[in-house]
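What follows is structure19.pdb (PDB, C-alpha atoms and all ligand atoms).
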```pdb
ATOM      1  CA  MET A   1      94.568 -71.444 -95.892
ATOM      2  CA  ALA A   2      96.432 -69.058 -93.626
ATOM      3  CA  THR A   3      96.972 -65.657 -95.186
ATOM      4  CA  ARG A   4     100.649 -64.880 -95.615
ATOM      5  CA  GLY A   5     101.884 -61.314 -95.679
ATOM      6  CA  PHE A   6     104.633 -59.918 -97.903
ATOM      7  CA  THR A   7     107.302 -61.357 -95.592
ATOM      8  CA  GLY A   8     106.151 -64.858 -96.526
ATOM      9  CA  LYS A   9     106.032 -65.699 -92.825
ATOM     10  CA  PRO A  10     102.931 -67.038 -91.147
ATOM     11  CA  PRO A  11     101.087 -64.241 -89.301
ATOM     12  CA  SER A  12     102.125 -65.626 -85.919
ATOM     13  CA  GLU A  13     105.800 -64.985 -86.730
ATOM     14  CA  ALA A  14     105.225 -61.786 -88.678
ATOM     15  CA  HIS A  15     103.550 -60.186 -85.637
ATOM     16  CA  SER A  16     105.633 -61.784 -82.896
ATOM     17  CA  ASP A  17     106.499 -58.359 -81.431
ATOM     18  CA  ARG A  18     102.789 -57.821 -80.781
ATOM     19  CA  ILE A  19     102.078 -61.143 -79.062
ATOM     20  CA  PRO A  20     102.761 -61.183 -75.290
ATOM     21  CA  PRO A  21     104.541 -64.212 -73.764
ATOM     22  CA  GLY A  22     102.439 -67.394 -73.635
ATOM     23  CA  GLN A  23      99.815 -66.074 -76.092
ATOM     24  CA  HIS A  24      98.843 -67.333 -79.559
ATOM     25  CA  LEU A  25      96.916 -65.543 -82.329
ATOM     26  CA  VAL A  26      93.315 -66.261 -83.221
ATOM     27  CA  GLU A  27      91.374 -65.029 -86.258
ATOM     28  CA  ASN A  28      87.931 -65.667 -84.753
ATOM     29  CA  PHE A  29      86.549 -63.737 -81.770
ATOM     30  CA  PRO A  30      85.921 -66.146 -78.852
ATOM     31  CA  VAL A  31      83.099 -65.388 -76.402
ATOM     32  CA  LEU A  32      83.912 -65.833 -72.691
ATOM     33  CA  THR A  33      81.221 -65.182 -70.102
ATOM     34  CA  ALA A  34      81.073 -66.492 -66.533
ATOM     35  CA  GLY A  35      77.249 -66.726 -66.386
ATOM     36  CA  PRO A  36      74.127 -66.096 -68.481
ATOM     37  CA  THR A  37      74.155 -63.218 -70.983
ATOM     38  CA  PRO A  38      71.995 -60.310 -69.753
ATOM     39  CA  ARG A  39      69.608 -58.698 -72.268
ATOM     40  CA  VAL A  40      69.362 -54.951 -71.704
ATOM     41  CA  SER A  41      67.054 -52.858 -73.898
ATOM     42  CA  LEU A  42      68.349 -49.435 -74.922
ATOM     43  CA  ALA A  43      65.270 -47.856 -73.290
ATOM     44  CA  ASP A  44      66.269 -49.338 -69.906
ATOM     45  CA  TRP A  45      70.035 -48.930 -70.292
ATOM     46  CA  SER A  46      71.925 -46.356 -68.255
ATOM     47  CA  PHE A  47      75.502 -45.689 -67.280
ATOM     48  CA  THR A  48      76.507 -44.173 -63.928
ATOM     49  CA  LEU A  49      79.702 -42.683 -62.498
ATOM     50  CA  LYS A  50      79.937 -43.137 -58.725
ATOM     51  CA  ILE A  51      82.279 -41.959 -56.004
ATOM     52  CA  GLY A  52      82.090 -44.676 -53.395
ATOM     53  CA  PRO A  53      78.348 -45.249 -52.818
ATOM     54  CA  ARG A  54      77.369 -41.839 -54.268
ATOM     55  CA  PRO A  55      76.151 -41.563 -57.909
ATOM     56  CA  VAL A  56      77.604 -38.359 -59.392
ATOM     57  CA  LYS A  57      76.551 -38.581 -63.064
ATOM     58  CA  ARG A  58      74.183 -40.779 -65.036
ATOM     59  CA  TRP A  59      73.529 -41.024 -68.767
ATOM     60  CA  THR A  60      70.638 -42.632 -70.627
ATOM     61  CA  TRP A  61      71.426 -44.340 -73.951
ATOM     62  CA  THR A  62      70.329 -41.265 -75.936
ATOM     63  CA  GLU A  63      72.485 -38.997 -73.784
ATOM     64  CA  PHE A  64      75.440 -41.366 -74.056
ATOM     65  CA  GLU A  65      75.157 -41.513 -77.856
ATOM     66  CA  ALA A  66      75.313 -37.703 -77.964
ATOM     67  CA  LEU A  67      78.786 -37.687 -76.323
ATOM     68  CA  ALA A  68      81.978 -37.335 -78.414
ATOM     69  CA  GLN A  69      82.633 -40.662 -80.175
ATOM     70  CA  THR A  70      86.151 -42.025 -80.690
ATOM     71  CA  LYS A  71      87.471 -44.917 -82.775
ATOM     72  CA  MET A  72      90.166 -47.211 -81.403
ATOM     73  CA  THR A  73      91.801 -50.182 -83.180
ATOM     74  CA  ARG A  74      93.822 -52.338 -80.781
ATOM     75  CA  ASP A  75      95.267 -55.803 -80.125
ATOM     76  CA  ILE A  76      93.509 -57.708 -77.314
ATOM     77  CA  HIS A  77      94.839 -60.506 -75.081
ATOM     78  CA  CYS A  78      92.801 -63.013 -73.071
ATOM     79  CA  VAL A  79      94.305 -64.754 -70.042
ATOM     80  CA  THR A  80      93.138 -68.080 -71.581
ATOM     81  CA  LYS A  81      96.015 -67.382 -74.036
ATOM     82  CA  TRP A  82      94.384 -66.117 -77.205
ATOM     83  CA  SER A  83      95.317 -62.769 -78.691
ATOM     84  CA  LYS A  84      93.528 -60.991 -81.529
ATOM     85  CA  LEU A  85      95.141 -58.199 -83.555
ATOM     86  CA  ASN A  86      93.618 -54.966 -84.888
ATOM     87  CA  THR A  87      90.177 -55.175 -83.272
ATOM     88  CA  PRO A  88      88.207 -52.048 -84.345
ATOM     89  CA  TRP A  89      86.023 -50.384 -81.691
ATOM     90  CA  ALA A  90      84.211 -47.101 -81.237
ATOM     91  CA  GLY A  91      82.658 -45.470 -78.219
ATOM     92  CA  VAL A  92      83.294 -42.832 -75.563
ATOM     93  CA  LEU A  93      86.771 -42.344 -74.055
ATOM     94  CA  ILE A  94      86.895 -42.465 -70.240
ATOM     95  CA  ASP A  95      88.701 -39.091 -70.496
ATOM     96  CA  ASP A  96      85.648 -37.624 -72.239
ATOM     97  CA  LEU A  97      83.240 -39.113 -69.677
ATOM     98  CA  LEU A  98      85.197 -37.568 -66.801
ATOM     99  CA  ALA A  99      85.371 -34.197 -68.580
ATOM    100  CA  GLU A 100      81.625 -34.339 -69.291
ATOM    101  CA  ALA A 101      80.982 -35.054 -65.605
ATOM    102  CA  GLY A 102      83.345 -32.218 -64.609
ATOM    103  CA  LEU A 103      85.341 -34.715 -62.585
ATOM    104  CA  GLU A 104      89.030 -34.934 -61.737
ATOM    105  CA  PRO A 105      89.610 -38.549 -60.618
ATOM    106  CA  PRO A 106      88.948 -38.369 -56.836
ATOM    107  CA  THR A 107      90.775 -41.670 -56.127
ATOM    108  CA  ALA A 108      93.329 -43.858 -57.935
ATOM    109  CA  PHE A 109      91.076 -46.933 -58.302
ATOM    110  CA  ILE A 110      87.932 -47.898 -60.124
ATOM    111  CA  LEU A 111      85.604 -50.849 -59.780
ATOM    112  CA  ALA A 112      83.600 -51.464 -62.980
ATOM    113  CA  HIS A 113      80.109 -52.967 -62.543
ATOM    114  CA  SER A 114      77.996 -54.844 -65.085
ATOM    115  CA  TYR A 115      74.371 -55.857 -65.647
ATOM    116  CA  ASP A 116      75.223 -59.547 -65.045
ATOM    117  CA  GLY A 117      76.677 -58.805 -61.593
ATOM    118  CA  TYR A 118      80.252 -59.027 -62.909
ATOM    119  CA  SER A 119      82.830 -56.557 -61.634
ATOM    120  CA  THR A 120      86.508 -55.864 -62.191
ATOM    121  CA  ASN A 121      88.953 -53.387 -60.675
ATOM    122  CA  VAL A 122      91.211 -51.163 -62.806
ATOM    123  CA  PRO A 123      93.650 -48.430 -61.715
ATOM    124  CA  VAL A 124      92.475 -45.006 -62.940
ATOM    125  CA  ALA A 125      95.883 -44.539 -64.622
ATOM    126  CA  ASP A 126      95.004 -47.419 -66.972
ATOM    127  CA  LEU A 127      91.687 -45.817 -67.963
ATOM    128  CA  THR A 128      92.800 -42.242 -68.738
ATOM    129  CA  GLY A 129      95.183 -40.748 -71.306
ATOM    130  CA  GLY A 130      93.217 -42.183 -74.236
ATOM    131  CA  ARG A 131      93.877 -45.764 -73.142
ATOM    132  CA  ALA A 132      90.331 -46.962 -72.462
ATOM    133  CA  MET A 133      86.714 -46.379 -73.482
ATOM    134  CA  ILE A 134      83.141 -47.468 -73.050
ATOM    135  CA  ALA A 135      82.762 -49.226 -76.403
ATOM    136  CA  THR A 136      79.377 -49.345 -78.139
ATOM    137  CA  ARG A 137      80.486 -50.357 -81.668
ATOM    138  CA  TYR A 138      82.560 -53.203 -83.081
ATOM    139  CA  GLU A 139      83.618 -53.334 -86.746
ATOM    140  CA  GLY A 140      81.359 -50.349 -87.419
ATOM    141  CA  SER A 141      78.173 -51.995 -86.090
ATOM    142  CA  ALA A 142      76.330 -52.069 -82.776
ATOM    143  CA  LEU A 143      78.352 -54.140 -80.278
ATOM    144  CA  PRO A 144      76.935 -57.717 -80.402
ATOM    145  CA  THR A 145      75.205 -58.816 -77.178
ATOM    146  CA  ASP A 146      77.619 -61.769 -76.729
ATOM    147  CA  HIS A 147      80.549 -59.342 -76.729
ATOM    148  CA  GLY A 148      78.946 -57.019 -74.174
ATOM    149  CA  GLY A 149      76.412 -54.914 -76.080
ATOM    150  CA  PRO A 150      74.950 -52.382 -75.652
ATOM    151  CA  ALA A 151      78.226 -51.220 -74.044
ATOM    152  CA  ARG A 152      81.395 -52.647 -72.536
ATOM    153  CA  LEU A 153      84.495 -51.281 -70.901
ATOM    154  CA  LEU A 154      87.500 -51.648 -73.239
ATOM    155  CA  VAL A 155      90.973 -51.624 -71.645
ATOM    156  CA  PRO A 156      92.892 -53.268 -74.484
ATOM    157  CA  HIS A 157      96.375 -53.131 -72.930
ATOM    158  CA  LEU A 158      95.305 -55.325 -69.957
ATOM    159  CA  TYR A 159      94.106 -58.954 -70.047
ATOM    160  CA  PHE A 160      90.631 -58.971 -71.510
ATOM    161  CA  TRP A 161      88.800 -59.906 -68.283
ATOM    162  CA  LYS A 162      89.337 -56.235 -67.291
ATOM    163  CA  SER A 163      87.118 -55.216 -70.226
ATOM    164  CA  ALA A 164      83.780 -55.633 -68.424
ATOM    165  CA  LYS A 165      80.935 -56.509 -70.796
ATOM    166  CA  TRP A 166      77.399 -55.027 -70.269
ATOM    167  CA  VAL A 167      79.004 -52.341 -68.108
ATOM    168  CA  ASN A 168      76.613 -49.990 -66.301
ATOM    169  CA  ALA A 169      78.789 -48.164 -63.758
ATOM    170  CA  LEU A 170      82.315 -47.086 -62.946
ATOM    171  CA  GLN A 171      82.815 -46.564 -59.227
ATOM    172  CA  PHE A 172      85.783 -44.695 -57.769
ATOM    173  CA  THR A 173      87.008 -46.529 -54.676
ATOM    174  CA  GLU A 174      89.300 -45.280 -51.926
ATOM    175  CA  ARG A 175      91.381 -48.482 -52.076
ATOM    176  CA  GLU A 176      91.794 -51.198 -54.673
ATOM    177  CA  VAL A 177      88.710 -53.460 -54.337
ATOM    178  CA  ALA A 178      88.987 -56.879 -55.989
ATOM    179  CA  GLY A 179      86.348 -57.705 -58.638
ATOM    180  CA  PHE A 180      84.830 -61.032 -59.778
ATOM    181  CA  TRP A 181      87.956 -62.762 -61.144
ATOM    182  CA  GLU A 182      90.359 -60.908 -58.860
ATOM    183  CA  LEU A 183      88.478 -62.399 -55.853
ATOM    184  CA  ARG A 184      89.017 -65.822 -57.484
ATOM    185  CA  GLY A 185      92.800 -65.600 -57.656
ATOM    186  CA  TYR A 186      93.417 -63.487 -60.744
ATOM    187  CA  HIS A 187      95.849 -60.595 -60.751
ATOM    188  CA  LEU A 188      94.797 -57.125 -59.546
ATOM    189  CA  HIS A 189      96.543 -55.345 -62.442
ATOM    190  CA  ALA A 190      96.766 -57.917 -65.313
ATOM    191  CA  ASP A 191      99.484 -56.600 -67.642
ATOM    192  CA  PRO A 192      99.851 -59.265 -70.380
ATOM    193  CA  TRP A 193     103.428 -58.187 -71.186
ATOM    194  CA  ARG A 194     104.409 -59.085 -67.613
ATOM    195  CA  GLU A 195     102.190 -62.189 -67.603
ATOM    196  CA  GLN A 196     100.264 -60.937 -64.571
ATOM    197  CA  ARG A 197      97.729 -63.772 -64.736
ATOM    198  CA  TYR A 198      97.349 -64.878 -61.102
ATOM    199  CA  SER A 199      97.579 -62.951 -57.853
ATOM    200  CA  ASP A 200     101.097 -64.231 -57.086
ATOM    201  CA  ASP A 201     102.550 -63.582 -60.618
TER
HETATM  202  N1  LIG B   1      80.083 -58.648 -67.551
HETATM  203  C1  LIG B   1      81.044 -59.517 -67.876
HETATM  204  N2  LIG B   1      82.142 -59.045 -68.479
HETATM  205  C2  LIG B   1      83.146 -59.886 -68.819
HETATM  206  C3  LIG B   1      83.070 -61.270 -68.535
HETATM  207  C4  LIG B   1      81.889 -61.738 -67.889
HETATM  208  O1  LIG B   1      81.727 -62.938 -67.594
HETATM  209  N3  LIG B   1      80.893 -60.832 -67.580
HETATM  210  N4  LIG B   1      84.116 -62.092 -68.866
HETATM  211  C5  LIG B   1      85.433 -61.459 -69.018
HETATM  212  C6  LIG B   1      86.431 -62.313 -69.607
HETATM  213  S1  LIG B   1      87.138 -63.494 -68.620
HETATM  214  C7  LIG B   1      86.892 -62.114 -70.887
HETATM  215  S2  LIG B   1      88.194 -62.979 -71.512
HETATM  216  C8  LIG B   1      86.229 -61.151 -71.791
HETATM  217  C9  LIG B   1      85.698 -61.876 -73.002
HETATM  218  O2  LIG B   1      85.124 -60.967 -73.895
HETATM  219  P1  LIG B   1      84.491 -61.530 -75.226
HETATM  220  O3  LIG B   1      83.437 -62.539 -74.842
HETATM  221  O4  LIG B   1      83.960 -60.352 -75.959
HETATM  222  O5  LIG B   1      85.627 -62.201 -75.983
HETATM  223  O6  LIG B   1      85.147 -60.478 -71.189
HETATM  224  C10 LIG B   1      85.343 -60.160 -69.828
HETATM  225  N5  LIG B   1      84.233 -59.351 -69.417
HETATM  226 MO    MO B   2      89.059 -64.256 -69.874
END
```

Represent the structure of the file as structure tokens.
Amino acid sequence: MATRGFTGKPPSEAHSDRIPPGQHLVENFPVLTAGPTPRVSLADWSFTLKIGPRPVKRWTWTEFEALAQTKMTRDIHCVTKWSKLNTPWAGVLIDDLLAEAGLEPPTAFILAHSYDGYSTNVPVADLTGGRAMIATRYEGSALPTDHGGPARLLVPHLYFWKSAKWVNALQFTEREVAGFWELRGYHLHADPWREQRYSDD
């Protein structure tokens, strides 16, 4: 049975203002991964900020857990057309990481890198101002491995392929450098409200 809210409308209609064009709501949480799921132990895990090829700050898991933690509940939208409302995350805001590293963004673009070799590019403007985090918790528990645990990038206002799972580095780049899906024809920016799915959208 679908749960109906006080409006008596099915949830899909009740929340239509929150569902971007071409999307439909799901209640489950699909898993989408291009290759095998990497297993990273917390003892081996680290996260690095880089400027071009140069590492400028690195945190171990223990150090990362000691940073200011923020909760964020957001709607997420996958380019394969599912959207999920009110997903509850916690982790470290990109703003707080930059402050901790004593860094003003040196360029306007970031390439996120992951333990499985995945990458995705995101403009710095989409990562700052409280809009994005490195998430380490989902629904109050450790982020499940399938969904990117120990830690994933979360950029909820862009299509979900921008939210790199198993993230281990953010690299400032001089120019916009296409990541895994962007090299395969997906959009460089990926705003779901503008349906920026493919490079020519
Ligand atoms: N490292 C990594 N991150 C990734 C992917 C991937 O294959 N590898 N897939 C992306 C895609 S296409 C989507 S839709 C989301 C899916 O996240 P989920 O499995 O938690 O739903 O992760 C994104 N992040
Ligand atoms: Mo996706």

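Residues matched by the PyMOL selection byres (((not hetatm)) within 6 of (chain B and resi 2)) in this file are Cys78, Val79, Thr80, Phe160 and Trp161 of chain A.
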
For this structure, which residues satisfy the selection - the PyMOL selection byres (((not hetatm)) within 10 of (chain B and resi 1)) - when it is evaluated on the file as given? I want them as a PDB file with C-alpha atoms, in the frame of the given file.
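After the write, out-v5.pdb holds the following:
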```pdb
ATOM      1  CA  ASN A  28      87.931 -65.667 -84.753  1.00  0.00           C
ATOM      2  CA  PHE A  29      86.549 -63.737 -81.770  1.00  0.00           C
ATOM      3  CA  PRO A  30      85.921 -66.146 -78.852  1.00  0.00           C
ATOM      4  CA  VAL A  31      83.099 -65.388 -76.402  1.00  0.00           C
ATOM      5  CA  LEU A  32      83.912 -65.833 -72.691  1.00  0.00           C
ATOM      6  CA  THR A  33      81.221 -65.182 -70.102  1.00  0.00           C
ATOM      7  CA  ALA A  34      81.073 -66.492 -66.533  1.00  0.00           C
ATOM      8  CA  GLY A  35      77.249 -66.726 -66.386  1.00  0.00           C
ATOM      9  CA  PRO A  36      74.127 -66.096 -68.481  1.00  0.00           C
ATOM     10  CA  THR A  37      74.155 -63.218 -70.983  1.00  0.00           C
ATOM     11  CA  PRO A  38      71.995 -60.310 -69.753  1.00  0.00           C
ATOM     12  CA  ILE A  76      93.509 -57.708 -77.314  1.00  0.00           C
ATOM     13  CA  HIS A  77      94.839 -60.506 -75.081  1.00  0.00           C
ATOM     14  CA  CYS A  78      92.801 -63.013 -73.071  1.00  0.00           C
ATOM     15  CA  VAL A  79      94.305 -64.754 -70.042  1.00  0.00           C
ATOM     16  CA  THR A  80      93.138 -68.080 -71.581  1.00  0.00           C
ATOM     17  CA  LYS A  81      96.015 -67.382 -74.036  1.00  0.00           C
ATOM     18  CA  TRP A  82      94.384 -66.117 -77.205  1.00  0.00           C
ATOM     19  CA  LYS A  84      93.528 -60.991 -81.529  1.00  0.00           C
ATOM     20  CA  ALA A 112      83.600 -51.464 -62.980  1.00  0.00           C
ATOM     21  CA  HIS A 113      80.109 -52.967 -62.543  1.00  0.00           C
ATOM     22  CA  SER A 114      77.996 -54.844 -65.085  1.00  0.00           C
ATOM     23  CA  TYR A 115      74.371 -55.857 -65.647  1.00  0.00           C
ATOM     24  CA  ASP A 116      75.223 -59.547 -65.045  1.00  0.00           C
ATOM     25  CA  GLY A 117      76.677 -58.805 -61.593  1.00  0.00           C
ATOM     26  CA  TYR A 118      80.252 -59.027 -62.909  1.00  0.00           C
ATOM     27  CA  SER A 119      82.830 -56.557 -61.634  1.00  0.00           C
ATOM     28  CA  THR A 120      86.508 -55.864 -62.191  1.00  0.00           C
ATOM     29  CA  LEU A 143      78.352 -54.140 -80.278  1.00  0.00           C
ATOM     30  CA  PRO A 144      76.935 -57.717 -80.402  1.00  0.00           C
ATOM     31  CA  THR A 145      75.205 -58.816 -77.178  1.00  0.00           C
ATOM     32  CA  ASP A 146      77.619 -61.769 -76.729  1.00  0.00           C
ATOM     33  CA  HIS A 147      80.549 -59.342 -76.729  1.00  0.00           C
ATOM     34  CA  GLY A 148      78.946 -57.019 -74.174  1.00  0.00           C
ATOM     35  CA  GLY A 149      76.412 -54.914 -76.080  1.00  0.00           C
ATOM     36  CA  ARG A 152      81.395 -52.647 -72.536  1.00  0.00           C
ATOM     37  CA  LEU A 153      84.495 -51.281 -70.901  1.00  0.00           C
ATOM     38  CA  LEU A 154      87.500 -51.648 -73.239  1.00  0.00           C
ATOM     39  CA  TYR A 159      94.106 -58.954 -70.047  1.00  0.00           C
ATOM     40  CA  PHE A 160      90.631 -58.971 -71.510  1.00  0.00           C
ATOM     41  CA  TRP A 161      88.800 -59.906 -68.283  1.00  0.00           C
ATOM     42  CA  LYS A 162      89.337 -56.235 -67.291  1.00  0.00           C
ATOM     43  CA  SER A 163      87.118 -55.216 -70.226  1.00  0.00           C
ATOM     44  CA  ALA A 164      83.780 -55.633 -68.424  1.00  0.00           C
ATOM     45  CA  LYS A 165      80.935 -56.509 -70.796  1.00  0.00           C
ATOM     46  CA  TRP A 166      77.399 -55.027 -70.269  1.00  0.00           C
ATOM     47  CA  VAL A 167      79.004 -52.341 -68.108  1.00  0.00           C
ATOM     48  CA  ASN A 168      76.613 -49.990 -66.301  1.00  0.00           C
ATOM     49  CA  PHE A 180      84.830 -61.032 -59.778  1.00  0.00           C
ATOM     50  CA  TRP A 181      87.956 -62.762 -61.144  1.00  0.00           C
TER      51      TRP A 181
END
```

### Task
Skip segment 184-192 of chain A itself and residues of its chain fewer than 4 positions away, then list as JSON, numbers by chain all residues within 8 Å of it, counting all atoms listed in the file.
{"A": [20, 21, 77, 79, 121, 122, 123, 157, 158, 159, 162, 178, 180, 196, 197, 198, 199, 200, 201]}

### Message
Using Å and a single decimal, report how far atom CA of Ala142 of chain A sits from atom CA of Val56 of chain A.
### Response
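Taking atom CA of Val56 of chain A and atom CA of Ala142 of chain A, their separation equals 27.1 Å.
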
For the contact check between segment 71-126 of chain A and segment 169-172 of chain A, emit one row per residue of segment 71-126 of chain A within 9 Å, containing the shortest atom pair and the distance in Å rounded to one decimal, counting all atoms listed in the file, chain then rising number order, as JSON lines.
```
{"residue": "A:Pro105", "atom": "CA", "partner": "A:Phe172", "partner_atom": "CA", "distance": 7.8}
{"residue": "A:Pro106", "atom": "CA", "partner": "A:Phe172", "partner_atom": "CA", "distance": 7.1}
{"residue": "A:Thr107", "atom": "CA", "partner": "A:Phe172", "partner_atom": "CA", "distance": 6.1}
{"residue": "A:Ala108", "atom": "CA", "partner": "A:Phe172", "partner_atom": "CA", "distance": 7.6}
{"residue": "A:Phe109", "atom": "CA", "partner": "A:Phe172", "partner_atom": "CA", "distance": 5.8}
{"residue": "A:Ile110", "atom": "CA", "partner": "A:Phe172", "partner_atom": "CA", "distance": 4.5}
{"residue": "A:Leu111", "atom": "CA", "partner": "A:Gln171", "partner_atom": "CA", "distance": 5.1}
{"residue": "A:Ala112", "atom": "CA", "partner": "A:Leu170", "partner_atom": "CA", "distance": 4.6}
{"residue": "A:His113", "atom": "CA", "partner": "A:Ala169", "partner_atom": "CA", "distance": 5.1}
{"residue": "A:Ser114", "atom": "CA", "partner": "A:Ala169", "partner_atom": "CA", "distance": 6.9}
{"residue": "A:Val124", "atom": "CA", "partner": "A:Phe172", "partner_atom": "CA", "distance": 8.5}
```

Hey, could you pull the box centre and edge lengths for segment 71-84 of chain A, axis-aligned, 3 Å padding per side, all listed atoms, to one decimal in Å, as AutoDock Vina command-line options?
```
--center_x 91.7 --center_y -56.5 --center_z -76.6 --size_x 14.5 --size_y 29.2 --size_z 19.1
```

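Of the residues listed (A:Gly52, A:Gly179, A:Gly140, A:Gly129), A:Gly140 shows the shortest atom-to-atom separation from Thr73 of chain A; distances use all atoms listed in the file.
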
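Atom to atom, atom CA of Asp96 of chain A and atom CA of Ser46 of chain A stand 16.7 Å apart.
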
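Restricting the calculation to only C-alpha atoms, the smallest distance between Ile134 of chain A and any of A:Asp17, A:Phe64, A:Arg54, A:Glu182 is found for A:Phe64.
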
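Around Ala101 of chain A, within 9 Å and counting only C-alpha atoms, the residues found are Leu49, Val56, Lys57 and Arg58 of chain A, once anything fewer than 6 positions away on its own chain is removed.
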
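With all atoms listed in the file as the atoms that count, the minimum distance from Pro150 of chain A to the choices A:Ile51, A:Leu183, A:Ala135, A:Ala125 is reached by A:Ala135.
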
#### Entry: Å distance separating atom CA of Ser141 of chain A from atom CA of Asp75 of chain A, one decimal place
18.5 Å

### Residues selected by the PyMOL selection byres (((chain A and resi 61) around 7) and not hetatm), written as a PyMOL selection string
chain A and resi 42+45-46+59-60+62-65

### Query
Which one of A:Ser41, A:Thr48, A:Ser83, A:Thr70 sits closest to His24 of chain A if you count only C-alpha atoms?
A:Ser83
